[in-house]
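Undergrad: Below you'll find protein_10.cif; it's mmCIF, C-alpha atoms.
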data_query
#
loop_
_atom_site.group_PDB
_atom_site.id
_atom_site.type_symbol
_atom_site.label_atom_id
_atom_site.label_comp_id
_atom_site.auth_asym_id
_atom_site.auth_seq_id
_atom_site.Cartn_x
_atom_site.Cartn_y
_atom_site.Cartn_z
ATOM 1 C CA MET A 1 1.662 -16.364 8.811
ATOM 2 C CA SER A 2 -1.945 -17.418 8.714
ATOM 3 C CA SER A 3 -3.222 -13.903 9.222
ATOM 4 C CA ALA A 4 -1.363 -12.749 6.121
ATOM 5 C CA ARG A 5 -2.774 -15.678 4.124
ATOM 6 C CA SER A 6 -6.325 -14.913 5.175
ATOM 7 C CA ARG A 7 -5.838 -11.244 4.304
ATOM 8 C CA ARG A 8 -4.883 -12.270 0.782
ATOM 9 C CA GLN A 9 -8.179 -14.121 0.488
ATOM 10 C CA VAL A 10 -10.382 -11.178 -0.427
ATOM 11 C CA LEU A 11 -13.677 -13.016 0.048
ATOM 12 C CA ALA A 12 -14.336 -16.651 0.894
ATOM 13 C CA GLY A 13 -16.048 -18.716 -1.739
ATOM 14 C CA ALA A 14 -19.589 -19.537 -0.715
ATOM 15 C CA GLY A 15 -20.934 -23.045 -0.079
ATOM 16 C CA GLY A 16 -17.630 -24.408 1.160
ATOM 17 C CA VAL A 17 -16.043 -24.193 -2.273
ATOM 18 C CA ALA A 18 -12.410 -23.164 -2.076
ATOM 19 C CA ALA A 19 -12.986 -20.503 -4.643
ATOM 20 C CA LEU A 20 -9.775 -18.644 -4.089
ATOM 21 C CA LEU A 21 -6.291 -19.924 -4.420
ATOM 22 C CA VAL A 22 -4.861 -19.722 -0.922
ATOM 23 C CA LEU A 23 -1.214 -20.467 -1.249
ATOM 24 C CA PRO A 24 1.060 -22.175 1.238
ATOM 25 C CA GLY A 25 4.327 -20.788 2.370
ATOM 26 C CA CYS A 26 3.541 -17.134 2.756
ATOM 27 C CA THR A 27 6.889 -15.524 3.130
ATOM 28 C CA GLY A 28 5.612 -12.742 5.365
ATOM 29 C CA GLY A 29 7.229 -9.349 5.483
ATOM 30 C CA GLY A 30 10.754 -10.631 4.878
ATOM 31 C CA SER A 31 12.192 -8.175 7.311
ATOM 32 C CA THR A 32 15.225 -10.152 8.359
ATOM 33 C CA SER A 33 17.040 -10.572 5.082
ATOM 34 C CA SER A 34 20.621 -9.549 4.628
ATOM 35 C CA PRO A 35 21.625 -6.612 2.431
ATOM 36 C CA THR A 36 21.412 -7.221 -1.286
ATOM 37 C CA SER A 37 24.420 -5.146 -2.328
ATOM 38 C CA ALA A 38 26.993 -7.049 -4.332
ATOM 39 C CA ALA A 39 30.055 -5.322 -2.899
ATOM 40 C CA PRO A 40 30.624 -5.801 0.836
ATOM 41 C CA SER A 41 31.379 -2.131 1.352
ATOM 42 C CA ALA A 42 28.348 -0.719 -0.525
ATOM 43 C CA PRO A 43 25.797 0.815 1.854
ATOM 44 C CA ASP A 44 22.524 -0.997 2.204
ATOM 45 C CA PRO A 45 20.033 0.912 0.026
ATOM 46 C CA LEU A 46 17.468 0.680 2.821
ATOM 47 C CA LEU A 47 19.591 3.066 4.878
ATOM 48 C CA ALA A 48 18.692 5.912 2.524
ATOM 49 C CA VAL A 49 15.016 4.970 2.804
ATOM 50 C CA LEU A 50 15.315 4.950 6.602
ATOM 51 C CA GLU A 51 16.875 8.399 6.635
ATOM 52 C CA GLU A 52 14.202 9.695 4.290
ATOM 53 C CA ARG A 53 11.364 8.391 6.483
ATOM 54 C CA GLN A 54 12.999 9.696 9.679
ATOM 55 C CA SER A 55 13.222 13.062 7.982
ATOM 56 C CA LEU A 56 9.566 12.845 6.922
ATOM 57 C CA ALA A 57 8.483 12.042 10.474
ATOM 58 C CA ALA A 58 10.376 15.117 11.657
ATOM 59 C CA ALA A 59 8.723 17.201 8.942
ATOM 60 C CA TYR A 60 5.247 16.075 10.041
ATOM 61 C CA ALA A 61 6.118 17.006 13.619
ATOM 62 C CA ALA A 62 7.407 20.408 12.549
ATOM 63 C CA VAL A 63 4.333 21.183 10.423
ATOM 64 C CA GLY A 64 2.041 20.165 13.274
ATOM 65 C CA THR A 65 3.889 22.482 15.624
ATOM 66 C CA ALA A 66 3.889 25.407 13.207
ATOM 67 C CA HIS A 67 0.246 24.951 12.147
ATOM 68 C CA PRO A 68 -2.045 23.919 15.011
ATOM 69 C CA ASP A 69 -5.015 23.470 12.656
ATOM 70 C CA LEU A 70 -3.048 20.680 10.976
ATOM 71 C CA ALA A 71 -1.748 19.163 14.199
ATOM 72 C CA GLY A 72 -4.314 16.365 14.396
ATOM 73 C CA ARG A 73 -3.706 15.173 10.852
ATOM 74 C CA MET A 74 0.047 15.533 11.229
ATOM 75 C CA ALA A 75 0.031 13.411 14.386
ATOM 76 C CA VAL A 76 -1.557 10.491 12.546
ATOM 77 C CA LEU A 77 0.827 10.717 9.593
ATOM 78 C CA GLN A 78 3.822 11.130 11.895
ATOM 79 C CA ALA A 79 2.858 8.072 13.948
ATOM 80 C CA GLN A 80 2.477 5.936 10.817
ATOM 81 C CA THR A 81 5.814 7.166 9.490
ATOM 82 C CA GLU A 82 7.423 6.267 12.803
ATOM 83 C CA GLU A 83 5.978 2.754 12.432
ATOM 84 C CA GLN A 84 7.663 2.628 9.033
ATOM 85 C CA VAL A 85 10.916 3.755 10.631
ATOM 86 C CA LEU A 86 10.695 0.987 13.237
ATOM 87 C CA ALA A 87 10.059 -1.581 10.525
ATOM 88 C CA LEU A 88 13.003 -0.263 8.506
ATOM 89 C CA ARG A 89 15.263 -0.469 11.515
ATOM 90 C CA ARG A 90 14.186 -4.084 12.043
ATOM 91 C CA ALA A 91 14.863 -4.858 8.370
ATOM 92 C CA LEU A 92 18.325 -3.335 8.750
ATOM 93 C CA ALA A 93 18.925 -5.213 12.006
ATOM 94 C CA LEU A 94 19.386 -1.900 13.789
ATOM 95 C CA PRO A 95 18.203 -1.404 17.347
ATOM 96 C CA ALA A 96 14.858 0.315 17.680
ATOM 97 C CA THR A 97 15.216 3.823 18.972
ATOM 98 C CA THR A 98 12.828 5.925 20.991
ATOM 99 C CA ALA A 99 14.578 9.186 20.072
ATOM 100 C CA PRO A 100 12.009 11.907 19.407
ATOM 101 C CA SER A 101 11.321 12.588 15.718
ATOM 102 C CA THR A 102 12.038 16.276 16.156
ATOM 103 C CA ALA A 103 15.704 15.496 16.787
ATOM 104 C CA PRO A 104 18.015 16.065 13.825
ATOM 105 C CA THR A 105 18.368 12.934 11.694
ATOM 106 C CA GLY A 106 21.699 11.120 11.748
ATOM 107 C CA ALA A 107 24.331 11.912 9.136
ATOM 108 C CA GLY A 108 27.034 9.761 7.623
ATOM 109 C CA THR A 109 25.081 7.267 5.573
ATOM 110 C CA GLY A 110 26.314 8.981 2.466
ATOM 111 C CA ALA A 111 22.814 8.829 1.081
ATOM 112 C CA ALA A 112 21.193 11.844 -0.513
ATOM 113 C CA THR A 113 18.334 13.317 1.458
ATOM 114 C CA THR A 114 15.359 14.896 -0.198
ATOM 115 C CA GLY A 115 17.201 18.201 -0.268
ATOM 116 C CA ALA A 116 14.672 19.853 2.016
ATOM 117 C CA ALA A 117 15.772 23.005 3.729
ATOM 118 C CA THR A 118 16.679 22.645 7.370
ATOM 119 C CA THR A 119 17.680 25.016 10.119
ATOM 120 C CA SER A 120 21.192 24.885 11.497
ATOM 121 C CA ALA A 121 19.928 22.414 14.100
ATOM 122 C CA GLY A 122 18.738 20.114 11.299
ATOM 123 C CA ASN A 123 15.038 20.672 11.893
ATOM 124 C CA PRO A 124 12.812 21.109 8.830
ATOM 125 C CA VAL A 125 11.921 24.628 7.749
ATOM 126 C CA VAL A 126 8.131 24.922 7.615
ATOM 127 C CA PRO A 127 6.459 27.398 5.252
ATOM 128 C CA PRO A 128 4.309 29.881 7.211
ATOM 129 C CA ASP A 129 1.327 29.302 4.903
ATOM 130 C CA PRO A 130 -0.515 26.039 5.687
ATOM 131 C CA ALA A 131 -1.217 25.289 2.028
ATOM 132 C CA ALA A 132 2.454 25.732 1.208
ATOM 133 C CA ALA A 133 3.355 23.493 4.134
ATOM 134 C CA ARG A 134 1.092 20.762 2.776
ATOM 135 C CA ALA A 135 2.601 21.241 -0.698
ATOM 136 C CA MET A 136 6.089 20.879 0.782
ATOM 137 C CA LEU A 137 5.071 17.601 2.394
ATOM 138 C CA ARG A 138 3.461 16.368 -0.833
ATOM 139 C CA ASP A 139 6.666 17.029 -2.755
ATOM 140 C CA ARG A 140 8.685 15.084 -0.215
ATOM 141 C CA LEU A 141 6.183 12.243 -0.320
ATOM 142 C CA THR A 142 6.358 12.107 -4.114
ATOM 143 C CA THR A 143 10.134 11.776 -3.874
ATOM 144 C CA ALA A 144 9.845 9.144 -1.154
ATOM 145 C CA ALA A 145 7.343 7.111 -3.175
ATOM 146 C CA GLU A 146 9.503 7.243 -6.302
ATOM 147 C CA HIS A 147 12.592 6.270 -4.339
ATOM 148 C CA ALA A 148 10.851 3.265 -2.791
ATOM 149 C CA ALA A 149 9.268 2.232 -6.092
ATOM 150 C CA ALA A 150 12.644 2.237 -7.826
ATOM 151 C CA LEU A 151 14.164 0.153 -5.054
ATOM 152 C CA CYS A 152 11.175 -2.229 -5.074
ATOM 153 C CA ALA A 153 11.897 -3.105 -8.700
ATOM 154 C CA THR A 154 15.499 -4.100 -8.046
ATOM 155 C CA THR A 155 15.613 -5.404 -4.496
ATOM 156 C CA SER A 156 15.452 -9.027 -3.349
ATOM 157 C CA PRO A 157 12.123 -10.875 -3.368
ATOM 158 C CA GLU A 158 12.348 -11.016 0.423
ATOM 159 C CA ARG A 159 12.353 -7.232 0.682
ATOM 160 C CA ALA A 160 10.180 -6.268 -2.274
ATOM 161 C CA PRO A 161 6.782 -6.522 -0.532
ATOM 162 C CA PHE A 162 7.924 -4.375 2.395
ATOM 163 C CA ILE A 163 9.484 -1.742 0.162
ATOM 164 C CA GLY A 164 6.380 -1.788 -2.023
ATOM 165 C CA SER A 165 4.289 -1.072 1.065
ATOM 166 C CA LEU A 166 6.551 1.871 1.876
ATOM 167 C CA ALA A 167 6.050 3.239 -1.629
ATOM 168 C CA ALA A 168 2.268 2.821 -1.486
ATOM 169 C CA ALA A 169 2.182 4.370 1.988
ATOM 170 C CA ALA A 170 3.932 7.514 0.790
ATOM 171 C CA THR A 171 1.493 7.820 -2.100
ATOM 172 C CA CYS A 172 -1.468 7.438 0.244
ATOM 173 C CA HIS A 173 -0.106 10.115 2.581
ATOM 174 C CA ARG A 174 0.263 12.431 -0.391
ATOM 175 C CA VAL A 175 -3.351 11.749 -1.344
ATOM 176 C CA VAL A 176 -4.666 12.778 2.079
ATOM 177 C CA LEU A 177 -2.579 15.962 2.022
ATOM 178 C CA ALA A 178 -4.099 17.183 -1.240
ATOM 179 C CA MET B 1 9.042 -18.892 -5.368
ATOM 180 C CA ASP B 2 6.147 -19.449 -7.749
ATOM 181 C CA GLU B 3 5.326 -16.325 -9.683
ATOM 182 C CA ASN B 4 2.430 -17.840 -11.605
ATOM 183 C CA ALA B 5 0.797 -19.150 -8.442
ATOM 184 C CA ALA B 6 1.131 -15.717 -6.839
ATOM 185 C CA LEU B 7 -0.354 -14.092 -9.935
ATOM 186 C CA GLN B 8 -3.253 -16.581 -9.792
ATOM 187 C CA ASP B 9 -3.746 -15.470 -6.191
ATOM 188 C CA ALA B 10 -3.886 -11.836 -7.260
ATOM 189 C CA LEU B 11 -6.273 -12.738 -10.078
ATOM 190 C CA ALA B 12 -8.511 -14.585 -7.636
ATOM 191 C CA GLY B 13 -8.495 -11.471 -5.503
ATOM 192 C CA GLU B 14 -9.596 -9.350 -8.441
ATOM 193 C CA HIS B 15 -12.429 -11.798 -9.222
ATOM 194 C CA ALA B 16 -13.649 -11.515 -5.639
ATOM 195 C CA VAL B 17 -13.365 -7.727 -5.581
ATOM 196 C CA ILE B 18 -15.343 -7.368 -8.786
ATOM 197 C CA TRP B 19 -18.083 -9.588 -7.379
ATOM 198 C CA GLY B 20 -18.003 -7.664 -4.123
ATOM 199 C CA TYR B 21 -18.461 -4.332 -5.870
ATOM 200 C CA GLY B 22 -21.718 -5.647 -7.275
ATOM 201 C CA VAL B 23 -22.956 -5.899 -3.704
ATOM 202 C CA VAL B 24 -21.515 -2.495 -2.807
ATOM 203 C CA GLY B 25 -23.111 -0.800 -5.802
ATOM 204 C CA ALA B 26 -26.544 -2.149 -4.937
ATOM 205 C CA ALA B 27 -26.484 -0.589 -1.475
ATOM 206 C CA VAL B 28 -25.272 2.948 -2.142
ATOM 207 C CA SER B 29 -26.715 6.189 -3.468
ATOM 208 C CA ASP B 30 -26.605 7.018 -7.161
ATOM 209 C CA ASP B 31 -23.599 9.310 -6.999
ATOM 210 C CA VAL B 32 -21.585 6.785 -4.996
ATOM 211 C CA ARG B 33 -22.624 4.062 -7.412
ATOM 212 C CA THR B 34 -21.004 5.992 -10.250
ATOM 213 C CA ALA B 35 -17.732 5.924 -8.345
ATOM 214 C CA VAL B 36 -18.193 2.224 -7.594
ATOM 215 C CA ARG B 37 -18.634 1.413 -11.267
ATOM 216 C CA ASP B 38 -15.490 3.378 -12.167
ATOM 217 C CA VAL B 39 -13.455 1.559 -9.556
ATOM 218 C CA GLU B 40 -14.905 -1.793 -10.549
ATOM 219 C CA GLN B 41 -13.912 -1.088 -14.153
ATOM 220 C CA ARG B 42 -10.319 -0.455 -13.099
ATOM 221 C CA HIS B 43 -10.285 -3.812 -11.357
ATOM 222 C CA ARG B 44 -11.692 -5.446 -14.486
ATOM 223 C CA THR B 45 -8.854 -3.947 -16.491
ATOM 224 C CA ARG B 46 -6.279 -5.211 -14.034
ATOM 225 C CA ARG B 47 -7.965 -8.605 -14.000
ATOM 226 C CA GLY B 48 -7.734 -8.812 -17.796
ATOM 227 C CA GLN B 49 -4.052 -7.939 -17.706
ATOM 228 C CA ALA B 50 -3.385 -10.648 -15.124
ATOM 229 C CA GLU B 51 -5.259 -13.212 -17.229
ATOM 230 C CA GLU B 52 -3.277 -12.181 -20.306
ATOM 231 C CA ARG B 53 0.006 -12.540 -18.428
ATOM 232 C CA LEU B 54 -0.931 -16.017 -17.211
ATOM 233 C CA ARG B 55 -2.003 -17.195 -20.654
ATOM 234 C CA ALA B 56 1.251 -15.904 -22.083
ATOM 235 C CA ALA B 57 3.013 -18.110 -19.539
ATOM 236 C CA GLY B 58 0.952 -21.098 -20.686
ATOM 237 C CA VAL B 59 -1.142 -21.141 -17.527
ATOM 238 C CA ARG B 60 -4.928 -21.338 -17.466
ATOM 239 C CA PRO B 61 -6.180 -18.365 -15.432
ATOM 240 C CA VAL B 62 -8.174 -19.281 -12.339
ATOM 241 C CA ASP B 63 -11.911 -18.769 -12.680
ATOM 242 C CA ALA B 64 -14.079 -16.575 -10.515
ATOM 243 C CA ALA B 65 -16.113 -18.447 -7.931
ATOM 244 C CA PRO B 66 -19.857 -18.803 -8.644
ATOM 245 C CA SER B 67 -20.443 -16.621 -5.593
ATOM 246 C CA TYR B 68 -18.684 -15.468 -2.454
ATOM 247 C CA GLU B 69 -19.453 -15.131 1.242
ATOM 248 C CA LEU B 70 -19.820 -11.633 2.587
ATOM 249 C CA PRO B 71 -17.889 -10.951 5.792
ATOM 250 C CA PHE B 72 -20.933 -9.108 7.200
ATOM 251 C CA PRO B 73 -24.421 -8.180 5.979
ATOM 252 C CA VAL B 74 -24.527 -5.183 3.634
ATOM 253 C CA THR B 75 -27.862 -3.479 4.084
ATOM 254 C CA ASP B 76 -26.970 0.205 3.927
ATOM 255 C CA GLN B 77 -24.417 2.593 2.475
ATOM 256 C CA ALA B 78 -22.267 2.605 5.609
ATOM 257 C CA ALA B 79 -21.865 -1.168 5.496
ATOM 258 C CA ALA B 80 -21.306 -1.043 1.736
ATOM 259 C CA LEU B 81 -18.433 1.410 2.147
ATOM 260 C CA ARG B 82 -16.947 -0.724 4.928
ATOM 261 C CA LEU B 83 -17.069 -3.666 2.549
ATOM 262 C CA ALA B 84 -15.485 -1.589 -0.185
ATOM 263 C CA VAL B 85 -12.538 -0.737 2.077
ATOM 264 C CA GLN B 86 -12.154 -4.392 2.984
ATOM 265 C CA LEU B 87 -12.237 -5.415 -0.684
ATOM 266 C CA GLU B 88 -9.432 -3.021 -1.508
ATOM 267 C CA ASP B 89 -7.381 -4.032 1.549
ATOM 268 C CA GLY B 90 -7.655 -7.696 0.597
ATOM 269 C CA CYS B 91 -6.747 -6.998 -2.996
ATOM 270 C CA ALA B 92 -3.764 -4.937 -1.867
ATOM 271 C CA ALA B 93 -2.556 -7.902 0.172
ATOM 272 C CA SER B 94 -2.691 -10.189 -2.872
ATOM 273 C CA TRP B 95 -0.602 -7.841 -4.990
ATOM 274 C CA HIS B 96 1.761 -7.272 -2.069
ATOM 275 C CA TYR B 97 2.327 -11.022 -1.963
ATOM 276 C CA LEU B 98 3.131 -11.102 -5.674
ATOM 277 C CA LEU B 99 5.954 -8.615 -5.115
ATOM 278 C CA GLY B 100 7.779 -11.248 -3.107
ATOM 279 C CA ASN B 101 7.317 -13.891 -5.753
ATOM 280 C CA THR B 102 8.791 -12.359 -8.841
ATOM 281 C CA GLU B 103 12.296 -11.373 -9.777
ATOM 282 C CA HIS B 104 11.262 -9.363 -12.800
ATOM 283 C CA GLY B 105 11.421 -5.593 -12.376
ATOM 284 C CA ASP B 106 8.522 -5.000 -14.748
ATOM 285 C CA ARG B 107 6.310 -7.417 -12.822
ATOM 286 C CA ARG B 108 7.319 -5.740 -9.592
ATOM 287 C CA ALA B 109 6.194 -2.463 -11.175
ATOM 288 C CA THR B 110 2.834 -3.961 -12.189
ATOM 289 C CA GLY B 111 2.352 -5.417 -8.735
ATOM 290 C CA LEU B 112 3.307 -2.154 -7.046
ATOM 291 C CA ASP B 113 0.967 -0.138 -9.274
ATOM 292 C CA ALA B 114 -1.854 -2.497 -8.313
ATOM 293 C CA LEU B 115 -0.973 -2.437 -4.598
ATOM 294 C CA THR B 116 -0.822 1.349 -4.672
ATOM 295 C CA ALA B 117 -4.112 1.685 -6.559
ATOM 296 C CA CYS B 118 -5.875 -0.552 -4.018
ATOM 297 C CA ALA B 119 -4.355 1.330 -1.087
ATOM 298 C CA VAL B 120 -5.338 4.710 -2.532
ATOM 299 C CA GLN B 121 -8.859 3.491 -3.271
ATOM 300 C CA ALA B 122 -9.234 2.294 0.308
ATOM 301 C CA VAL B 123 -8.301 5.829 1.365
ATOM 302 C CA ARG B 124 -10.928 7.255 -0.990
ATOM 303 C CA TRP B 125 -13.670 5.022 0.438
ATOM 304 C CA ARG B 126 -12.655 5.974 3.967
ATOM 305 C CA GLN B 127 -12.845 9.640 2.999
ATOM 306 C CA ARG B 128 -16.426 9.064 1.831
ATOM 307 C CA SER B 129 -17.445 7.104 4.886
ATOM 308 C CA GLY B 130 -15.726 9.238 7.513
ATOM 309 C CA ALA B 131 -13.653 6.293 8.758
ATOM 310 C CA ARG B 132 -10.455 7.276 10.557
ATOM 311 C CA PRO B 133 -7.564 6.952 10.261
ATOM 312 C CA LEU B 134 -7.584 7.393 6.495
ATOM 313 C CA THR B 135 -4.259 5.679 5.943
ATOM 314 C CA VAL B 136 -2.301 2.741 7.325
ATOM 315 C CA ALA B 137 1.416 2.549 8.018
ATOM 316 C CA LEU B 138 2.181 -0.333 5.627
ATOM 317 C CA PRO B 139 -0.506 -0.973 3.010
ATOM 318 C CA GLY B 140 -0.829 -4.572 1.865
ATOM 319 C CA GLN B 141 0.959 -6.073 4.870
#
What does the file become when written as C-alpha cells?

TA:
Amino acid sequence: MSSARSRRQVLAGAGGVAALLVLPGCTGGGSTSSPTSAAPSAPDPLLAVLEERQSLAAAYAAVGTAHPDLAGRMAVLQAQTEEQVLALRRALALPATTAPSTAPTGAGTGAATTGAATTSAGNPVVPPDPAAARAMLRDRLTTAAEHAAALCATTSPERAPFIGSLAAAATCHRVVLA
Amino acid sequence: MDENAALQDALAGEHAVIWGYGVVGAAVSDDVRTAVRDVEQRHRTRRGQAEERLRAAGVRPVDAAPSYELPFPVTDQAAALRLAVQLEDGCAASWHYLLGNTEHGDRRATGLDALTACAVQAVRWRQRSGARPLTVALPGQ
C-alpha cells in the first residue's frame, strides 16, 4: 500500500535525492493470515487478545458511566479500543459486530481474561474513587500490553506488525491514564 | 522477507528523525528544547544499535541524507511540535514494518520497543501541544 510506504519515509531527502530506502512490497497489516497454531484444534491466540480488548472497551465504558468527569477521555479510549476489536475480528475472519461494548463479553474461548472483577451480569466493577478507577485501567493495560508483546515475538511475520501495534496502543493508553 | 532491508529502512528513519529534531529544537523554548535533546539522544542510541546489527550481518549501514525536506515550514513552537509528532509517527511506521520482516523473537522485541517508544513520544508531544486525540488506535500502521 503506497500510503504505508510513504508513512515509513519519515522525511523526504532534499534536492531530489532518494535519501531514504523506500522498499517495495510492503506487506501491509497482514490481517488475513490463517492461524499460526501447529495443532488444528489449538485455539487461535488472537482470540484471547480479542476477548481482552472487548473487555477493556467495556471497562472504559463502565468507568465513563461511573465517573462523568472522566467520560470524555474514556469515550476516546473506548472508541480506539473498539477499532482494535474490529481489526482483530477481521484478522480472525470473524464477522464484525455492532454489539454495544457494555454487553458482557463472550465466554467459551478457553482463554484467561485479565481476572478483573465483574458483576453477575459480566460488567466490570468500577472503583468509586476516580484515581483508583484509572489505576484499575492502567493495570489492565499493562497486562494487555505484555500479552500482546509476548505474542508479537512468536507469531507469524504476517501478524507481528498488527500485534505490535496492539501492544504499543495499550502502552500509550496507560501513559495517558497516568 | 528481507530483514536487513527492513532494518536499513528503520535506520534511515532514525537518521531523518535525528535531523528533524535539529529543526524542532531550534524553534522551541528552552525547557522544551531540553526535552527535544533527550528524545533525540534516545534516537541516536537506537540508531547506533541498528547500525551495529547491520554491520554484524555484514551489511553497510545506510547513510543519513545530506539534508531533508520539511513537510511544512517550522517557524514557531506549535509547528515544531507538529513536526515532532510527525517524526515519531514516521519512525514508528518504520519499526512497525520491521516486525513483519523478521522471524527472530529478539529482533521482534527490539522492533516493538522502538515502535512503542516512538508511539509514546508522539503522545508526549501531543500532550505538550494540546493536540487531540492524544493516542491512535493502532500506532505504526

Undergrad: Compute the chain B side of the contact with chain A at 6 Å, counting all atoms listed in the file, and hand it back as a PDB file with C-alpha atoms, keeping the file's coordinate frame.

TA:
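The file below, selection23.pdb, is the result:
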ATOM      1  CA  ASP B   9      -3.746 -15.470  -6.191  1.00  0.00           C
ATOM      2  CA  ALA B  12      -8.511 -14.585  -7.636  1.00  0.00           C
ATOM      3  CA  GLY B  13      -8.495 -11.471  -5.503  1.00  0.00           C
ATOM      4  CA  ALA B  16     -13.649 -11.515  -5.639  1.00  0.00           C
ATOM      5  CA  ALA B  65     -16.113 -18.447  -7.931  1.00  0.00           C
ATOM      6  CA  SER B  67     -20.443 -16.621  -5.593  1.00  0.00           C
ATOM      7  CA  TYR B  68     -18.684 -15.468  -2.454  1.00  0.00           C
ATOM      8  CA  GLU B  69     -19.453 -15.131   1.242  1.00  0.00           C
ATOM      9  CA  GLY B  90      -7.655  -7.696   0.597  1.00  0.00           C
ATOM     10  CA  ALA B  93      -2.556  -7.902   0.172  1.00  0.00           C
ATOM     11  CA  SER B  94      -2.691 -10.189  -2.872  1.00  0.00           C
ATOM     12  CA  HIS B  96       1.761  -7.272  -2.069  1.00  0.00           C
ATOM     13  CA  LEU B  99       5.954  -8.615  -5.115  1.00  0.00           C
ATOM     14  CA  GLY B 100       7.779 -11.248  -3.107  1.00  0.00           C
ATOM     15  CA  GLY B 105      11.421  -5.593 -12.376  1.00  0.00           C
ATOM     16  CA  ARG B 108       7.319  -5.740  -9.592  1.00  0.00           C
ATOM     17  CA  LEU B 112       3.307  -2.154  -7.046  1.00  0.00           C
ATOM     18  CA  THR B 116      -0.822   1.349  -4.672  1.00  0.00           C
ATOM     19  CA  VAL B 120      -5.338   4.710  -2.532  1.00  0.00           C
ATOM     20  CA  ALA B 137       1.416   2.549   8.018  1.00  0.00           C
ATOM     21  CA  LEU B 138       2.181  -0.333   5.627  1.00  0.00           C
ATOM     22  CA  PRO B 139      -0.506  -0.973   3.010  1.00  0.00           C
TER      23      PRO B 139
END

Undergrad: Please report the interatomic distance between CA of Tyr21 in chain B and CA of Gly48 in chain B in Å with one decimal.

TA: 16.7 Å

Undergrad: Between B:Val62, B:Leu134, B:Ala122, B:Ala6, single out the one closest to Leu83 in chain B, counting all atoms listed in the file.

TA: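 Distance minimum relative to Leu83 in chain B lands on B:Ala122.
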
Undergrad: Could you tell me which residues the PyMOL selection byres ((chain A and resi 134) around 12) grabs in this file, written as a PyMOL selection string?

TA: chain A and resi 59-60+62-64+66-67+69-71+73-74+126-133+135-141+173-178

Undergrad: Pick from B:Leu115, B:Leu87, B:Ala92, B:Val59: nearest to Gly22 in chain B, with only C-alpha atoms counted?

TA: B:Leu87

Undergrad: Expand the PyMOL selection byres ((chain A and resi 47) around 9) into the individual residues it matches in the shown file, reporting them as a ChimeraX atom specification.

TA: /A:43-46,48-52,88-89,92,109,111

Undergrad: Could you state the separation of CA of Gln8 in chain B and CA of Leu54 in chain B in Å, given to one decimal place?

TA: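 One can read the CA of Gln8 in chain B to CA of Leu54 in chain B distance as 7.8 Å.
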
Undergrad: Using Å and a single decimal, report how far CA of Ala96 in chain A sits from CA of Thr119 in chain A.

TA: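 Here the two named atoms are 26.0 Å from each other.
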
Undergrad: I'd like the residues picked by the PyMOL selection byres ((chain B and resi 27) around 6) written out as a list in words, using the chain letters and numbers from the file.

TA: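 Expected selection for the PyMOL selection byres ((chain B and resi 27) around 6) here is Val24, Gly25, Ala26, Val28, Asp76 and Gln77 of chain B.
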
Undergrad: When distances are computed from all atoms listed in the file, which of A:Ser41, A:Ala148, A:Leu94, A:Asn123 shows the smallest separation from Ser55 in chain A?

TA: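 Smallest separation from Ser55 in chain A among the options: A:Asn123.
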
Undergrad: For Arg60 in chain B, find every residue with an atom within 12 Å (counting all atoms listed in the file), except residues of its own chain fewer than 4 positions away, and show them as a list in words.

TA: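 Returned residues: Asn4, Ala5, Leu7, Gln8, Leu11, Ala50, Glu51, Glu52, Arg53, Leu54, Arg55 and Ala56 of chain B.
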
Undergrad: When distances are computed from all atoms listed in the file, which of B:Ala109, B:Val39, B:Cys118, B:Ala84 shows the smallest separation from Gly20 in chain B?

TA: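 Once distances to Gly20 in chain B are computed over all atoms listed in the file, the minimum belongs to B:Ala84.
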
Undergrad: Hey, could you patch up range 47-54 of chain B with N, CA, C and O atoms and hand it over as a PDB file, in the frame of the given file?

TA:
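What ended up in out.pdb:
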ATOM      1  N   ARG B  47      -7.684  -7.170 -13.913  1.00  0.00           N
ATOM      2  CA  ARG B  47      -7.965  -8.605 -14.000  1.00  0.00           C
ATOM      3  C   ARG B  47      -7.614  -9.129 -15.394  1.00  0.00           C
ATOM      4  O   ARG B  47      -6.961 -10.161 -15.544  1.00  0.00           O
ATOM      5  N   GLY B  48      -8.031  -8.393 -16.423  1.00  0.00           N
ATOM      6  CA  GLY B  48      -7.734  -8.812 -17.796  1.00  0.00           C
ATOM      7  C   GLY B  48      -6.242  -8.890 -18.063  1.00  0.00           C
ATOM      8  O   GLY B  48      -5.757  -9.813 -18.726  1.00  0.00           O
ATOM      9  N   GLN B  49      -5.505  -7.937 -17.520  1.00  0.00           N
ATOM     10  CA  GLN B  49      -4.052  -7.939 -17.706  1.00  0.00           C
ATOM     11  C   GLN B  49      -3.415  -9.142 -17.020  1.00  0.00           C
ATOM     12  O   GLN B  49      -2.493  -9.764 -17.552  1.00  0.00           O
ATOM     13  N   ALA B  50      -3.912  -9.491 -15.838  1.00  0.00           N
ATOM     14  CA  ALA B  50      -3.385 -10.648 -15.124  1.00  0.00           C
ATOM     15  C   ALA B  50      -3.681 -11.935 -15.912  1.00  0.00           C
ATOM     16  O   ALA B  50      -2.829 -12.825 -16.022  1.00  0.00           O
ATOM     17  N   GLU B  51      -4.892 -12.022 -16.444  1.00  0.00           N
ATOM     18  CA  GLU B  51      -5.259 -13.212 -17.229  1.00  0.00           C
ATOM     19  C   GLU B  51      -4.379 -13.336 -18.462  1.00  0.00           C
ATOM     20  O   GLU B  51      -3.917 -14.428 -18.818  1.00  0.00           O
ATOM     21  N   GLU B  52      -4.128 -12.193 -19.114  1.00  0.00           N
ATOM     22  CA  GLU B  52      -3.277 -12.181 -20.306  1.00  0.00           C
ATOM     23  C   GLU B  52      -1.876 -12.667 -19.966  1.00  0.00           C
ATOM     24  O   GLU B  52      -1.268 -13.454 -20.699  1.00  0.00           O
ATOM     25  N   ARG B  53      -1.343 -12.168 -18.865  1.00  0.00           N
ATOM     26  CA  ARG B  53       0.006 -12.540 -18.428  1.00  0.00           C
ATOM     27  C   ARG B  53       0.084 -14.033 -18.162  1.00  0.00           C
ATOM     28  O   ARG B  53       1.037 -14.710 -18.526  1.00  0.00           O
ATOM     29  N   LEU B  54      -0.928 -14.581 -17.527  1.00  0.00           N
ATOM     30  CA  LEU B  54      -0.931 -16.017 -17.211  1.00  0.00           C
ATOM     31  C   LEU B  54      -1.002 -16.843 -18.487  1.00  0.00           C
ATOM     32  O   LEU B  54      -0.263 -17.820 -18.642  1.00  0.00           O
TER      33      LEU B  54
END
